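Single-structure report; data block below.
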Amino acid sequence: MNSNEPGPNEPFKRLFFALPCTPAQGKALSRWRADLRLRSGRPVPAENFHLTLMFLGTAGVTQLPSILEAAARVRPLECLAPLVLDRLEVWRRSQALVLTAEHPPAALLRWVYGLQEAMAPLGFMVDPREFRPHLTLMRDFRSEVPEAMQAPEFRWNAREFVLYESYKGRYQALAQWPLLTQAG
């Protein structure tokens, strides 16, 4: 969320930070989702799978250098316990079927708070709800949580975080930085 919208004639981008999904992770998630035999919603394409860290929203292109500079100053983690996406939930407000972590690593939560602090001076507002790492499987989902034949347990071993632009339903990586130190 952004408190300093671009001017009326300034080009803009819709931006968010996320942990990228590897092609192998994307295939595994797609196969698992197919086994759910869902009849509601729109599936998120596997190439768009990511784990959202912070949604920035609309940003003027003149803000991009400041965003990149602030993100580069966020210190990488020394180590990170594996993030396990092991909970399937329906988020009614956003009409999304998501995978979440029942026990997200505390180090990741603190790190995301640091990313949010780095973006605050640029006018990007933090969502007032507590950060919950999640991966969106379906949009416009209006059903109950489906029964899974196999419980979800996807290990997310990210080594980098990425600034993405959302444009016409596709996500393009604009920049990436290490999430973990080289020793991590």
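Labels used: A, B, ... for chains in the order of the structure tokens, numbers from 1 for residues in each chain, and numbers from 1 for ligands as shown.
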
Can you check which residues of segment 46-161 of chain A DSSP gives as helix (DSSP H, G or I) on the backbone and send them as a PyMOL selection string? chain A and resi 46-48+61-72+106-122

Write out as a ChimeraX atom specification each polymer residue whose atoms come within 8 Å of segment 138-147 of chain A, counting only C-alpha atoms; drop sequence neighbours fewer than 4 positions from it. /A:36,38,40-44,88-90,92,94-98

Pick out the residues sitting within 9 Å of Leu85 of chain A, and hand them over as an MDAnalysis selection string; count only C-alpha atoms, and ignore anything fewer than 3 positions along from it in its own chain. chainID A and resid 88 99:104 133:135 152:156

Rank A:Phe17, A:Phe49, A:Trp111, A:Tyr167 by their smallest atom-to-atom distance to Leu77 of chain A, using only C-alpha atoms, and report the top residue only.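 Using only C-alpha atoms, the shortest distance to Leu77 of chain A belongs to A:Trp111.
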
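Between atom CA of Arg87 of chain A and atom CA of Glu160 of chain A the interatomic distance comes to 23.2 Å.
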
Closest atom pairs, segment 108-128 of chain A residues within 8 Å of segment 50-71 of chain A, only C-alpha atoms, as CSV:
```
residue,atom,partner,partner_atom,distance
A:Val112,CA,A:Leu53,CA,6.5
A:Leu115,CA,A:Ala71,CA,6.9
A:Gln116,CA,A:Met54,CA,7.3
A:Ala118,CA,A:Ala70,CA,5.8
A:Met119,CA,A:Ala70,CA,6.7
A:Leu122,CA,A:Ile67,CA,7.5
A:Phe124,CA,A:Leu56,CA,6.2
A:Met125,CA,A:Leu56,CA,7.8
A:Val126,CA,A:Met54,CA,8.0
```

Go ahead and write the residues just picked, N, CA and C atoms, as a PDB file, in the first residue's frame.
```pdb
ATOM      1  N   VAL A 112      11.124  -9.849   7.334  1.00  0.00           N
ATOM      2  CA  VAL A 112      10.067  -9.143   6.599  1.00  0.00           C
ATOM      3  C   VAL A 112       9.766  -7.814   7.284  1.00  0.00           C
ATOM      4  N   LEU A 115      12.247  -5.429   6.073  1.00  0.00           N
ATOM      5  CA  LEU A 115      11.927  -4.977   4.716  1.00  0.00           C
ATOM      6  C   LEU A 115      10.833  -3.913   4.768  1.00  0.00           C
ATOM      7  N   GLN A 116       9.815  -4.147   5.579  1.00  0.00           N
ATOM      8  CA  GLN A 116       8.738  -3.164   5.728  1.00  0.00           C
ATOM      9  C   GLN A 116       9.277  -1.837   6.270  1.00  0.00           C
ATOM     10  N   ALA A 118      12.261  -0.694   5.861  1.00  0.00           N
ATOM     11  CA  ALA A 118      13.058  -0.067   4.812  1.00  0.00           C
ATOM     12  C   ALA A 118      12.181   0.660   3.796  1.00  0.00           C
ATOM     13  N   MET A 119      10.956   0.179   3.582  1.00  0.00           N
ATOM     14  CA  MET A 119      10.060   0.787   2.598  1.00  0.00           C
ATOM     15  C   MET A 119       9.231   1.932   3.185  1.00  0.00           C
ATOM     16  N   LEU A 122       9.760   5.591   2.274  1.00  0.00           N
ATOM     17  CA  LEU A 122       9.424   5.900   0.879  1.00  0.00           C
ATOM     18  C   LEU A 122       7.919   6.089   0.695  1.00  0.00           C
ATOM     19  N   PHE A 124       5.542   3.749   1.600  1.00  0.00           N
ATOM     20  CA  PHE A 124       4.803   2.496   1.442  1.00  0.00           C
ATOM     21  C   PHE A 124       4.304   2.046   2.804  1.00  0.00           C
ATOM     22  N   MET A 125       3.012   1.872   2.879  1.00  0.00           N
ATOM     23  CA  MET A 125       2.372   1.543   4.137  1.00  0.00           C
ATOM     24  C   MET A 125       2.351   0.033   4.339  1.00  0.00           C
ATOM     25  N   VAL A 126       2.560  -0.370   5.572  1.00  0.00           N
ATOM     26  CA  VAL A 126       2.527  -1.778   5.931  1.00  0.00           C
ATOM     27  C   VAL A 126       1.074  -2.186   6.147  1.00  0.00           C
TER      28      VAL A 126
END
```

Nearest residue to Asn48 of chain A out of A:Thr181, A:Asn157, A:Gln172, A:Gln150, using only C-alpha atoms?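 Checking each of A:Thr181, A:Asn157, A:Gln172, A:Gln150 against Asn48 of chain A, counting only C-alpha atoms, the winner is A:Gln172.
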
Just list the residues in segment 24-170 of chain A DSSP gives strand (DSSP E or B) on the backbone, as number ranges by chain. A: 42-43, 50-60, 77, 83-85, 87-91, 96-100, 124, 134-139, 154-156, 160-167, 170

Measuring atom to atom with only C-alpha atoms, identify which of A:Arg33, A:Arg93, A:Trp177, A:Leu15 is nearest to Ala158 of chain A. A:Trp177

Between A:Arg159, A:Glu165, A:Phe16, A:Ala46, which has the minimum distance to Glu78 of chain A (counting only C-alpha atoms)? A:Arg159
